[in-house]
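Listing of target.cif; format and content: mmCIF, C-alpha atoms.
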```cif
data_run
#
loop_
_atom_site.label_atom_id
_atom_site.label_comp_id
_atom_site.auth_asym_id
_atom_site.auth_seq_id
_atom_site.Cartn_x
_atom_site.Cartn_y
_atom_site.Cartn_z
CA MET G 278 165.92 -29.97 -63.80
CA ASN G 279 168.69 -27.44 -64.42
CA ALA G 280 170.14 -25.11 -61.82
CA ALA G 281 168.19 -22.06 -63.02
CA LEU G 282 164.85 -23.88 -62.74
CA ILE G 283 165.70 -25.24 -59.28
CA ASP G 284 166.73 -21.78 -58.07
CA SER G 285 163.54 -20.23 -59.48
CA ILE G 286 161.30 -22.77 -57.75
CA GLY G 287 163.30 -22.71 -54.52
CA TRP G 288 163.42 -18.95 -54.05
CA THR G 289 159.73 -18.70 -54.95
CA LEU G 290 158.87 -21.22 -52.23
CA LEU G 291 161.10 -19.48 -49.68
CA HIS G 292 159.74 -16.02 -50.41
CA PHE G 293 156.20 -17.32 -49.97
CA VAL G 294 157.00 -17.79 -46.26
CA TRP G 295 156.75 -14.03 -45.67
CA GLN G 296 154.32 -13.43 -48.53
CA GLY G 297 151.87 -15.98 -47.12
CA ALA G 298 152.24 -14.45 -43.65
CA LEU G 299 151.27 -11.02 -45.01
CA VAL G 300 148.29 -12.44 -46.91
CA GLY G 301 147.20 -14.41 -43.85
CA CYS G 302 147.41 -11.34 -41.60
CA ALA G 303 145.48 -9.19 -44.07
CA THR G 304 142.82 -11.89 -44.39
CA ALA G 305 142.55 -12.31 -40.62
CA LEU G 306 142.17 -8.56 -40.02
CA THR G 307 139.51 -8.27 -42.71
CA LEU G 308 137.58 -11.26 -41.39
CA THR G 309 137.74 -9.79 -37.89
CA ALA G 310 136.25 -6.53 -39.16
CA LEU G 311 133.50 -8.52 -40.94
CA ARG G 312 132.81 -10.87 -38.02
CA ASN G 313 129.14 -9.81 -37.90
CA ALA G 314 128.64 -9.53 -41.66
CA ALA G 315 126.87 -12.07 -43.83
CA PRO G 316 128.82 -15.32 -44.27
CA GLY G 317 128.90 -14.71 -48.02
CA GLN G 318 131.07 -11.62 -47.50
CA ARG G 319 133.50 -13.46 -45.25
CA TYR G 320 133.55 -16.34 -47.74
CA ALA G 321 134.52 -13.94 -50.55
CA VAL G 322 137.32 -12.45 -48.43
CA ALA G 323 138.70 -15.88 -47.51
CA CYS G 324 138.56 -17.04 -51.15
CA THR G 325 140.38 -13.88 -52.22
CA GLY G 326 143.06 -14.52 -49.61
CA LEU G 327 143.59 -18.11 -50.75
CA ALA G 328 143.69 -17.00 -54.39
CA ALA G 329 146.36 -14.44 -53.47
CA CYS G 330 148.36 -17.20 -51.78
CA PHE G 331 148.39 -19.04 -55.10
CA LEU G 332 148.72 -16.18 -57.59
CA TRP G 333 151.52 -14.30 -55.81
CA PRO G 334 154.09 -17.14 -55.96
CA ALA G 335 152.79 -18.21 -59.39
CA LEU G 336 153.48 -14.71 -60.76
CA GLU G 337 156.88 -14.59 -59.08
CA LEU G 338 157.83 -17.98 -60.52
CA ALA G 339 156.81 -16.85 -63.99
CA LEU G 340 158.97 -13.71 -63.67
CA ARG G 341 161.91 -15.73 -62.41
CA LEU G 342 161.68 -18.20 -65.27
CA ARG G 343 161.70 -15.25 -67.68
CA GLY G 344 164.76 -13.85 -65.90
CA ASP G 345 163.00 -10.73 -64.60
CA GLY G 346 163.95 -9.55 -61.14
CA ALA G 347 165.59 -12.74 -59.86
CA ALA G 348 168.70 -10.89 -58.70
CA ALA G 349 166.55 -8.32 -56.91
CA HIS G 350 164.71 -11.06 -55.05
CA ILE G 351 167.97 -12.68 -53.97
CA ARG G 352 169.24 -9.31 -52.70
CA PHE G 353 165.94 -8.87 -50.89
CA ALA G 354 166.35 -12.26 -49.21
CA ASP G 355 169.87 -11.28 -48.18
CA SER G 356 168.56 -8.03 -46.70
CA LEU G 357 166.07 -9.94 -44.56
CA VAL G 358 168.92 -11.71 -42.77
CA ARG G 359 171.83 -9.34 -42.27
CA GLN G 360 174.53 -11.91 -41.59
CA GLY G 361 177.59 -11.96 -43.79
CA ASP G 362 177.97 -11.43 -47.50
CA PHE G 363 175.85 -13.45 -49.93
CA ALA G 364 178.40 -13.13 -52.73
CA ALA G 365 181.10 -14.46 -50.42
CA GLY G 366 178.99 -17.46 -49.47
CA GLU G 367 178.15 -16.22 -45.98
CA GLY G 368 174.88 -15.68 -44.12
CA MET G 369 171.47 -17.31 -44.21
CA PRO G 370 170.64 -16.53 -47.88
CA ALA G 371 173.92 -18.10 -49.00
CA TRP G 372 173.23 -21.18 -46.85
CA LEU G 373 169.78 -21.51 -48.41
CA GLN G 374 171.28 -21.16 -51.88
CA SER G 375 173.78 -23.93 -51.19
CA HIS G 376 170.96 -26.28 -50.05
CA MET G 377 168.45 -25.27 -52.72
CA MET G 378 168.47 -28.67 -54.38
CA TRP G 379 167.44 -30.39 -51.14
CA ILE G 380 164.79 -27.77 -50.37
CA VAL G 381 163.13 -28.20 -53.77
CA ALA G 382 163.44 -31.99 -53.58
CA PHE G 383 161.76 -32.10 -50.15
CA TRP G 384 158.92 -29.90 -51.38
CA ALA G 385 158.46 -32.00 -54.51
CA VAL G 386 158.32 -35.29 -52.58
CA CYS G 387 155.77 -33.95 -50.07
CA ALA G 388 153.65 -32.42 -52.84
CA VAL G 389 153.62 -35.71 -54.74
CA VAL G 390 152.56 -37.63 -51.60
CA LEU G 391 149.71 -35.19 -50.95
CA ALA G 392 148.69 -35.32 -54.60
CA LEU G 393 148.50 -39.12 -54.41
CA ARG G 394 146.39 -38.84 -51.26
CA MET G 395 144.06 -36.47 -53.06
CA ALA G 396 143.85 -38.79 -56.06
CA LEU G 397 142.95 -41.74 -53.83
CA GLY G 398 140.19 -39.70 -52.23
CA LEU G 399 138.78 -38.82 -55.64
CA LEU G 400 138.89 -42.47 -56.67
CA TRP G 401 136.99 -43.40 -53.50
CA ILE G 402 134.32 -40.82 -54.26
CA ARG G 403 134.03 -42.04 -57.83
CA ARG G 404 133.56 -45.60 -56.62
CA ALA G 405 131.03 -44.50 -54.00
CA ALA G 406 129.07 -42.63 -56.68
CA LEU G 407 128.32 -46.03 -58.28
CA ALA G 408 126.49 -47.21 -55.15
CA PRO G 409 122.83 -48.30 -55.40
CA ALA G 410 120.32 -45.55 -56.02
CA ALA G 411 117.85 -44.47 -53.36
CA SER G 412 114.19 -45.37 -53.55
CA ALA G 413 112.08 -43.76 -56.23
CA GLN G 414 110.22 -41.77 -53.60
CA TRP G 415 113.39 -40.15 -52.23
CA GLN G 416 114.78 -39.59 -55.72
CA GLN G 417 111.61 -37.71 -56.62
CA ARG G 418 111.99 -35.59 -53.48
CA VAL G 419 115.55 -34.72 -54.46
CA GLU G 420 114.54 -33.81 -58.02
CA ARG G 421 111.70 -31.64 -56.73
CA MET G 422 114.09 -29.99 -54.27
CA GLY G 423 116.61 -29.32 -57.05
CA THR G 424 113.92 -27.56 -59.08
CA GLN G 425 113.06 -25.39 -56.09
CA PHE G 426 116.74 -24.52 -55.60
CA GLY G 427 117.09 -23.63 -59.28
CA VAL G 428 119.48 -26.50 -60.08
CA THR G 429 119.17 -27.41 -63.75
CA ARG G 430 121.50 -30.42 -63.60
CA LYS G 431 120.13 -33.80 -62.62
CA VAL G 432 121.08 -34.72 -59.04
CA VAL G 433 121.18 -38.43 -58.21
CA LEU G 434 120.72 -39.75 -54.67
CA ARG G 435 122.88 -42.76 -53.77
CA VAL G 436 122.92 -44.91 -50.61
CA VAL G 437 126.36 -45.96 -49.33
CA ASP G 438 126.97 -48.49 -46.58
CA ASP G 439 130.43 -47.43 -45.36
CA LEU G 440 129.79 -43.68 -45.24
CA SER G 441 129.74 -41.59 -42.10
CA SER G 442 127.63 -38.60 -43.18
CA PRO G 443 125.88 -37.13 -46.24
CA LEU G 444 128.12 -35.51 -48.80
CA THR G 445 128.03 -34.13 -52.32
CA ALA G 446 130.32 -35.37 -55.09
CA GLY G 447 130.79 -34.06 -58.61
CA TRP G 448 129.82 -30.78 -60.21
CA TRP G 449 128.76 -31.54 -63.79
CA ARG G 450 126.81 -34.66 -62.78
CA PRO G 451 126.35 -34.11 -59.04
CA VAL G 452 125.61 -37.01 -56.73
CA ILE G 453 124.41 -36.82 -53.12
CA LEU G 454 125.72 -39.75 -51.08
CA VAL G 455 123.75 -40.69 -47.95
CA PRO G 456 124.72 -43.34 -45.37
CA ALA G 457 122.40 -46.32 -45.33
CA SER G 458 122.11 -46.01 -41.55
CA LEU G 459 120.71 -42.47 -41.90
CA MET G 460 118.21 -43.50 -44.55
CA SER G 461 116.76 -46.09 -42.19
CA GLY G 462 117.30 -44.46 -38.78
CA MET G 463 116.70 -40.71 -39.14
CA PRO G 464 113.21 -39.19 -39.34
CA ALA G 465 112.21 -38.24 -42.85
CA ASP G 466 111.77 -34.54 -42.09
CA LEU G 467 115.26 -34.26 -40.57
CA LEU G 468 116.84 -36.22 -43.41
CA GLU G 469 115.15 -33.88 -45.85
CA ALA G 470 116.73 -30.95 -44.00
CA LEU G 471 120.21 -32.48 -44.46
CA LEU G 472 119.48 -33.09 -48.14
CA ALA G 473 118.48 -29.41 -48.49
CA HIS G 474 121.90 -28.48 -47.09
CA GLU G 475 123.59 -30.71 -49.67
CA MET G 476 121.46 -29.28 -52.46
CA ALA G 477 122.70 -25.81 -51.49
CA HIS G 478 126.26 -27.04 -52.12
CA VAL G 479 125.20 -28.39 -55.51
CA ARG G 480 123.62 -25.07 -56.45
CA ARG G 481 126.82 -23.17 -55.57
CA PHE G 482 129.30 -25.58 -57.28
CA ASP G 483 131.04 -25.91 -53.91
CA TYR G 484 132.56 -29.29 -54.80
CA LEU G 485 134.57 -27.68 -57.62
CA VAL G 486 135.76 -24.83 -55.38
CA ASN G 487 136.77 -27.31 -52.68
CA LEU G 488 138.75 -29.27 -55.24
CA GLY G 489 140.70 -26.11 -56.07
CA GLN G 490 141.37 -25.63 -52.37
CA ASN G 491 142.91 -29.09 -52.20
CA VAL G 492 145.20 -28.29 -55.13
CA ILE G 493 146.48 -25.13 -53.40
CA GLU G 494 146.90 -27.00 -50.12
CA THR G 495 148.94 -29.63 -51.96
CA LEU G 496 151.31 -27.13 -53.58
CA LEU G 497 151.71 -24.81 -50.56
CA PHE G 498 151.36 -27.40 -47.82
CA TYR G 499 154.22 -26.00 -45.75
CA HIS G 500 152.55 -22.68 -44.89
CA PRO G 501 150.08 -22.55 -41.94
CA ALA G 502 148.30 -19.51 -43.42
CA VAL G 503 147.14 -21.58 -46.40
CA TRP G 504 145.57 -24.23 -44.16
CA TRP G 505 143.98 -21.62 -41.88
CA ILE G 506 142.45 -19.62 -44.75
CA SER G 507 141.23 -22.81 -46.42
CA ARG G 508 139.58 -23.93 -43.18
CA ARG G 509 137.84 -20.55 -42.85
CA ILE G 510 136.51 -20.99 -46.40
CA ARG G 511 134.95 -24.31 -45.43
CA VAL G 512 133.45 -22.89 -42.24
CA GLU G 513 131.86 -19.93 -44.04
CA ARG G 514 130.71 -22.19 -46.87
CA GLU G 515 128.82 -24.42 -44.45
CA GLN G 516 127.10 -21.40 -42.94
CA ILE G 517 126.04 -20.21 -46.40
CA ALA G 518 124.63 -23.65 -47.17
CA ASP G 519 122.82 -23.62 -43.80
CA ASP G 520 121.21 -20.28 -44.63
CA LEU G 521 120.08 -21.47 -48.07
CA ALA G 522 118.69 -24.71 -46.64
CA ALA G 523 116.89 -22.90 -43.81
CA GLN G 524 115.41 -20.45 -46.33
CA HIS G 525 114.19 -23.34 -48.44
CA LEU G 526 112.70 -25.22 -45.47
CA GLY G 527 111.16 -22.10 -43.99
CA GLU G 528 112.10 -23.25 -40.48
CA PRO G 529 115.75 -23.00 -39.35
CA ARG G 530 115.01 -25.04 -36.23
CA ARG G 531 114.34 -28.16 -38.30
CA LEU G 532 117.82 -27.95 -39.82
CA ALA G 533 119.24 -27.30 -36.34
CA ARG G 534 117.54 -30.48 -35.06
CA ALA G 535 118.93 -32.42 -38.00
CA LEU G 536 122.46 -31.18 -37.28
CA SER G 537 122.03 -32.02 -33.60
CA GLU G 538 120.97 -35.53 -34.56
CA LEU G 539 124.02 -35.78 -36.81
CA GLU G 540 126.21 -34.64 -33.92
CA ARG G 541 124.69 -37.31 -31.75
CA TRP G 542 125.67 -39.93 -34.28
CA GLN G 543 129.22 -38.49 -34.07
CA PHE G 544 130.00 -38.74 -37.74
CA SER G 545 133.38 -37.49 -38.99
CA SER G 546 133.80 -35.05 -41.86
CA HIS G 547 135.22 -35.86 -45.30
CA HIS G 548 137.75 -33.37 -46.67
CA LEU G 549 137.42 -34.01 -50.38
CA ALA G 550 133.65 -33.47 -50.52
CA MET G 551 131.04 -31.08 -49.20
CA ALA G 552 129.46 -32.78 -46.19
CA ALA G 553 126.64 -31.53 -43.98
CA ASN G 554 128.79 -31.95 -40.89
CA GLY G 555 131.57 -29.64 -42.07
CA GLY G 556 132.75 -27.08 -39.53
CA ASP G 557 131.67 -26.93 -35.90
CA LEU G 558 128.22 -28.50 -35.65
CA LEU G 559 127.43 -27.05 -32.23
CA SER G 560 128.22 -23.49 -33.29
CA ARG G 561 126.14 -23.96 -36.45
CA VAL G 562 123.21 -25.23 -34.42
CA LYS G 563 123.50 -22.26 -32.04
CA ARG G 564 123.68 -19.84 -34.97
CA LEU G 565 120.51 -21.31 -36.52
CA VAL G 566 118.53 -21.35 -33.28
CA ARG G 567 119.75 -18.13 -31.68
CA PRO G 568 121.84 -15.91 -33.96
CA ASP G 569 123.81 -13.31 -32.03
CA ARG G 570 126.42 -10.66 -32.73
CA GLU G 571 129.96 -11.76 -32.16
CA ALA G 572 132.03 -9.56 -29.86
CA LEU G 573 135.53 -8.53 -30.84
CA ASN G 574 138.19 -10.61 -29.15
CA TRP G 575 141.07 -8.17 -28.85
CA LYS G 576 143.35 -10.76 -27.26
CA ALA G 577 143.07 -12.87 -30.40
CA ALA G 578 143.31 -9.90 -32.78
CA LEU G 579 146.38 -8.25 -31.26
CA PRO G 580 148.88 -11.02 -32.22
CA VAL G 581 147.64 -10.92 -35.80
CA LEU G 582 147.89 -7.13 -35.91
CA GLY G 583 151.37 -7.24 -34.38
CA LEU G 584 152.52 -9.84 -36.90
CA ALA G 585 151.14 -7.77 -39.78
CA LEU G 586 152.90 -4.60 -38.58
CA ALA G 587 156.15 -6.53 -38.06
CA GLY G 588 155.93 -7.98 -41.56
CA LEU G 589 155.28 -4.58 -43.13
CA SER G 590 158.15 -2.95 -41.21
CA LEU G 591 160.47 -5.82 -42.17
CA TYR G 592 159.48 -5.45 -45.80
CA ALA G 593 160.07 -1.69 -45.71
CA HIS G 594 163.44 -2.14 -44.00
CA ALA G 595 164.55 -4.76 -46.50
CA ALA G 596 163.44 -2.69 -49.46
CA THR G 597 165.36 0.32 -48.12
CA ALA G 598 168.45 -1.74 -47.40
CA ASP G 599 168.29 -3.26 -50.88
CA ALA G 600 168.39 0.18 -52.54
CA PRO G 601 171.90 1.21 -53.65
CA PRO G 602 173.44 4.20 -51.86
CA VAL G 603 173.42 7.53 -53.66
CA ASP G 604 176.20 9.99 -52.92
CA ALA G 605 175.85 13.76 -53.12
CA LYS G 606 177.46 14.05 -56.56
CA VAL G 607 175.23 11.42 -58.13
CA GLU G 608 172.19 12.92 -56.44
CA ALA G 609 173.03 16.33 -57.82
CA GLN G 610 173.40 14.85 -61.30
CA MET G 611 170.03 13.13 -60.91
CA GLU G 612 168.40 16.42 -59.99
CA LYS G 613 169.94 18.11 -63.00
CA GLN G 614 169.22 16.33 -66.25
CA VAL G 615 172.30 16.57 -68.45
CA ILE G 616 172.05 16.06 -72.20
CA ARG G 617 175.06 14.05 -73.40
CA THR G 618 176.23 12.92 -76.83
CA ALA G 619 178.89 10.28 -77.50
CA ALA G 620 182.05 10.81 -79.49
CA ILE G 621 181.90 9.55 -83.10
CA ALA G 622 184.53 8.98 -85.73
CA ASP G 623 184.71 10.92 -88.99
CA PHE G 624 185.20 7.93 -91.26
CA ARG G 625 186.13 10.19 -94.19
CA SER G 626 189.34 11.00 -92.34
CA CYS G 627 190.16 7.36 -91.62
CA LYS G 628 192.48 5.18 -93.64
CA LYS G 629 192.09 1.45 -93.89
CA PRO G 630 194.37 -0.30 -91.35
CA LEU G 631 197.27 -2.18 -92.92
CA TRP G 632 196.96 -5.96 -92.80
CA PRO G 633 200.08 -7.48 -91.22
CA LYS G 634 201.84 -9.61 -93.84
CA SER G 635 202.32 -12.63 -91.58
CA SER G 636 198.67 -12.56 -90.55
CA LEU G 637 197.59 -12.22 -94.17
CA ARG G 638 199.72 -15.19 -95.24
CA ALA G 639 198.34 -17.28 -92.37
CA GLY G 640 194.79 -16.28 -93.27
CA HIS G 641 194.01 -14.90 -89.79
CA THR G 642 190.65 -13.12 -89.46
CA GLY G 643 188.47 -11.88 -86.59
CA THR G 644 186.74 -8.95 -84.94
CA VAL G 645 188.57 -6.66 -82.53
CA THR G 646 186.78 -4.32 -80.12
CA LEU G 647 188.72 -1.25 -78.98
CA GLY G 648 188.03 1.58 -76.58
CA PHE G 649 189.32 5.11 -77.32
CA GLN G 650 189.46 8.14 -75.05
CA ILE G 651 188.70 11.25 -77.07
CA ASP G 652 189.58 14.69 -75.70
CA GLU G 653 187.71 17.97 -76.22
CA THR G 654 189.48 18.58 -79.56
CA GLY G 655 188.57 15.20 -81.03
CA SER G 656 192.03 13.63 -80.69
CA VAL G 657 192.78 10.19 -79.31
CA VAL G 658 194.62 10.45 -75.98
CA ASP G 659 194.33 6.84 -74.83
CA SER G 660 193.14 3.43 -76.04
CA THR G 661 192.46 -0.02 -74.66
CA LEU G 662 191.74 -3.48 -76.00
CA ILE G 663 188.26 -4.74 -75.00
CA ASN G 664 187.87 -7.93 -77.08
CA SER G 665 190.68 -9.47 -79.08
CA SER G 666 190.33 -10.86 -82.60
CA GLY G 667 192.52 -13.77 -81.61
CA ASP G 668 195.60 -12.38 -83.35
CA PRO G 669 197.63 -9.72 -81.44
CA LEU G 670 199.05 -8.38 -84.72
CA LEU G 671 195.56 -7.74 -86.09
CA ASP G 672 194.56 -6.08 -82.80
CA GLU G 673 197.53 -3.73 -82.87
CA ALA G 674 197.10 -2.91 -86.57
CA ALA G 675 193.46 -1.96 -85.96
CA ARG G 676 194.38 0.20 -82.96
CA VAL G 677 197.13 2.07 -84.83
CA GLY G 678 194.97 2.59 -87.89
CA ILE G 679 191.88 3.87 -86.06
CA GLU G 680 193.94 6.23 -83.86
CA LYS G 681 194.74 8.19 -87.02
CA CYS G 682 191.05 9.00 -87.53
CA HIS G 683 189.62 12.36 -86.60
CA PHE G 684 186.79 12.24 -84.05
CA LYS G 685 183.92 14.50 -83.19
CA PRO G 686 184.16 14.85 -79.40
CA GLY G 687 181.35 14.00 -77.03
CA THR G 688 179.33 16.81 -75.49
CA GLU G 689 177.48 17.66 -72.29
CA ASP G 690 174.77 20.27 -72.72
CA GLY G 691 176.35 21.16 -76.07
CA LYS G 692 179.89 21.65 -74.71
CA PRO G 693 182.75 19.36 -75.89
CA VAL G 694 184.06 17.06 -73.14
CA ALA G 695 186.55 14.21 -72.91
CA SER G 696 184.89 10.80 -73.10
CA TRP G 697 185.42 7.16 -73.95
CA MET G 698 183.88 5.49 -77.00
CA ARG G 699 183.96 1.94 -78.38
CA MET G 700 184.65 0.76 -81.92
CA GLN G 701 184.83 -2.61 -83.69
CA TYR G 702 186.92 -3.54 -86.69
CA VAL G 703 186.34 -6.72 -88.66
CA TRP G 704 189.27 -8.41 -90.41
CA LEU G 705 187.65 -10.44 -93.19
CA LEU G 706 189.17 -12.19 -96.20
CA LYS G 707 187.05 -12.10 -99.35
#
```
Would you mind giving the structure from this file in structure tokens?
Amino acid sequence: MNAALIDSIGWTLLHFVWQGALVGCATALTLTALRNAAPGQRYAVACTGLAACFLWPALELALRLRGDGAAAHIRFADSLVRQGDFAAGEGMPAWLQSHMMWIVAFWAVCAVVLALRMALGLLWIRRAALAPAASAQWQQRVERMGTQFGVTRKVVLRVVDDLSSPLTAGWWRPVILVPASLMSGMPADLLEALLAHEMAHVRRFDYLVNLGQNVIETLLFYHPAVWWISRRIRVEREQIADDLAAQHLGEPRRLARALSELERWQFSSHHLAMAANGGDLLSRVKRLVRPDREALNWKAALPVLGLALAGLSLYAHAATADAPPVDAKVEAQMEKQVIRTAAIADFRSCKKPLWPKSSLRAGHTGTVTLGFQIDETGSVVDSTLINSSGDPLLDEAARVGIEKCHFKPGTEDGKPVASWMRMQYVWLLK
């Protein structure tokens, strides 16, 4: 990894600290306003927030790798912490820049560890999906239920010994995994209610969405907003599945009894799959039995609103501080658009510069770049060497020769003015 790539990744990760906070605040405020809306609406808002958490830094990283706006972002970071001069190696942004290698290395190590954890979970699910199939009677129930839910893919029911609660694995070839203890100990009508909940997840491809959540959590593990938004997605998703299952069963209380029975068994949730015990079981049971409007908790909303306003004001302050100062003269010129033309040489009046004899004998060649100040009459009043050809004699010969040319002066709004122009002369042996 070269320095430019490390800096691009590092500054992208650091900027996501405030970017994620803004996205989290916006998501929290929107979810608060939709607290009594359908869970599908809140689910869409939470998914949009998590997608923004991923796309914003992804877009910034792409721009940085292309070289667009990296300097502006560094100046913005410096404006967030007004301590010292970044160019002089002072202040918080300079300290972060000096430790960028360690910051990126720490993030990479943690992301790899979480990715390995995720891979192990997927391997466990794949192994569990090879467990013995359920009885033909229950498999027929599941297939009939899938038809009623409008699921065209074949859903296989498997019985697992070391499983704590029902869960759904896979999306192209979905499998519903059920603990053996539930198959033998729970009443058939309640078990069917839990299977209806799992079938709702299959219908909505929730396993695939949850897998994407785990990828984002792995890459942006260091930001609390990512974990909070992802948890809200899972909570709303379980409520959507509850509603679909209750609609299929025609009696929400049966699903509530099944969830209560599951709570009694005190099964833990599984993060890599869609389980029926995701979220708060007691609140889900209460919602199914006695749905009620949720009152606005201003004490919980005020900190989020305050953080959002603070983030917006900080962003506005930093953007203003990052803008270069404009004095009165420049501002006046900006208000008045001036049409300018550059000075040009009349090459018909120029004579070819004389090649120094010693340079010619030595075979010296090169390109010299010179700057000439042309006055209102088109005469050269000053000159400077910008880039040397490598031979001082060739540089001087080019300067003396070009100074003898006649120039058409530069203009402002059609009037001749003194200005500087640049010319190159190539010394080339044929």
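Near (127.5, -26.8, -31.5), the residues inside the 12 Å limit, counting all atoms listed in the file, come to Ala533, Arg534, Leu536, Ser537, Glu538, Leu539, Glu540, Arg541, Asn554, Gly555, Gly556, Asp557, Leu558, Leu559, Ser560, Arg561, Val562, Lys563, Arg564, Leu565, Val566 and Arg567 of chain G.
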- [ ] Measuring atom to atom with all atoms listed in the file, identify which of G:Leu340, G:Ala314, G:Leu472, G:Val677 is nearest to Met422 in chain G.
- [x]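 Between G:Leu340, G:Ala314, G:Leu472, G:Val677, the residue approaching Met422 in chain G most closely is G:Leu472.
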Open item on the list: Could you check the closest approach to Val694 in chain G for each of G:Asp466, G:Glu653, G:Asp659, G:Asp284 and tell me which residue wins, using only C-alpha atoms?
Closed with: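 Of the candidates, the smallest distance to Val694 in chain G is held by G:Glu653.
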Open item on the list: Just to confirm, what's the straight-line distance from CA of Arg530 in chain G to CA of Ala477 in chain G in Å (one decimal)?
Closed with: 17.1 Å
- [ ] Run the PyMOL selection byres ((chain G and resi 479) around 10) against the file shown and list the residues it catches, as a PyMOL selection string.
- [x] chain G and resi 423+426+428+430+432+445-453+473-478+480-485+518+551
Six-sided padding of 5 Å per side, axis-aligned box over range 454-458 of chain G, centre and edges in Å, one decimal, as JSON:
```
{"center_x": 123.9, "center_y": -43.0, "center_z": -46.3, "size_x": 13.6, "size_y": 16.6, "size_z": 19.5}
```
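Minimum atom-to-atom distance to Phe624 in chain G, evaluated using only C-alpha atoms, belongs to G:Lys681 out of G:His500, G:His525, G:Lys681, G:Arg676.
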Non-local contacts of Glu689 in chain G (7 Å; only C-alpha atoms; under 4 positions in same chain excluded) as a compact mmCIF listing (two decimals) with C-alpha atoms, keeping the file's coordinate frame:
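Heads up, here's the output in part-v2.txt:
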```
# COMPACT_ATOMS: atom_id res chain seq x y z
CA VAL G 615 172.30 16.57 -68.45
CA ILE G 616 172.05 16.06 -72.20
CA ARG G 617 175.06 14.05 -73.40
CA THR G 618 176.23 12.92 -76.83
CA PRO G 693 182.75 19.36 -75.89
CA VAL G 694 184.06 17.06 -73.14
```
Task: Nearby residues (all atoms listed in the file) at most 12 Å from Ile506 in chain G, same-chain spacing under 2 positions excluded, as an MDAnalysis selection string - done: chainID G and resid 297:298 300:305 307:308 319:331 490 493:494 500:504 508:513
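Note that the spacing between CA of Trp401 in chain G and CA of Ser458 in chain G amounts to 19.3 Å.
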Each residue of range 444-498 of chain G with at least one atom at most 9 Å from range 385-388 of chain G should appear once, together with its nearest atom pair and the corresponding distance in Å (one decimal); atoms considered: all atoms listed in the file; ordering: chain, then increasing residue number; output as a tab-separated table.
```
residue	atom	partner	partner_atom	distance
G:Thr495	CA	G:Ala388	CA	5.5
G:Leu496	CA	G:Ala388	CA	5.8
G:Leu497	CA	G:Ala388	CA	8.2
G:Phe498	CA	G:Ala388	CA	7.5
```
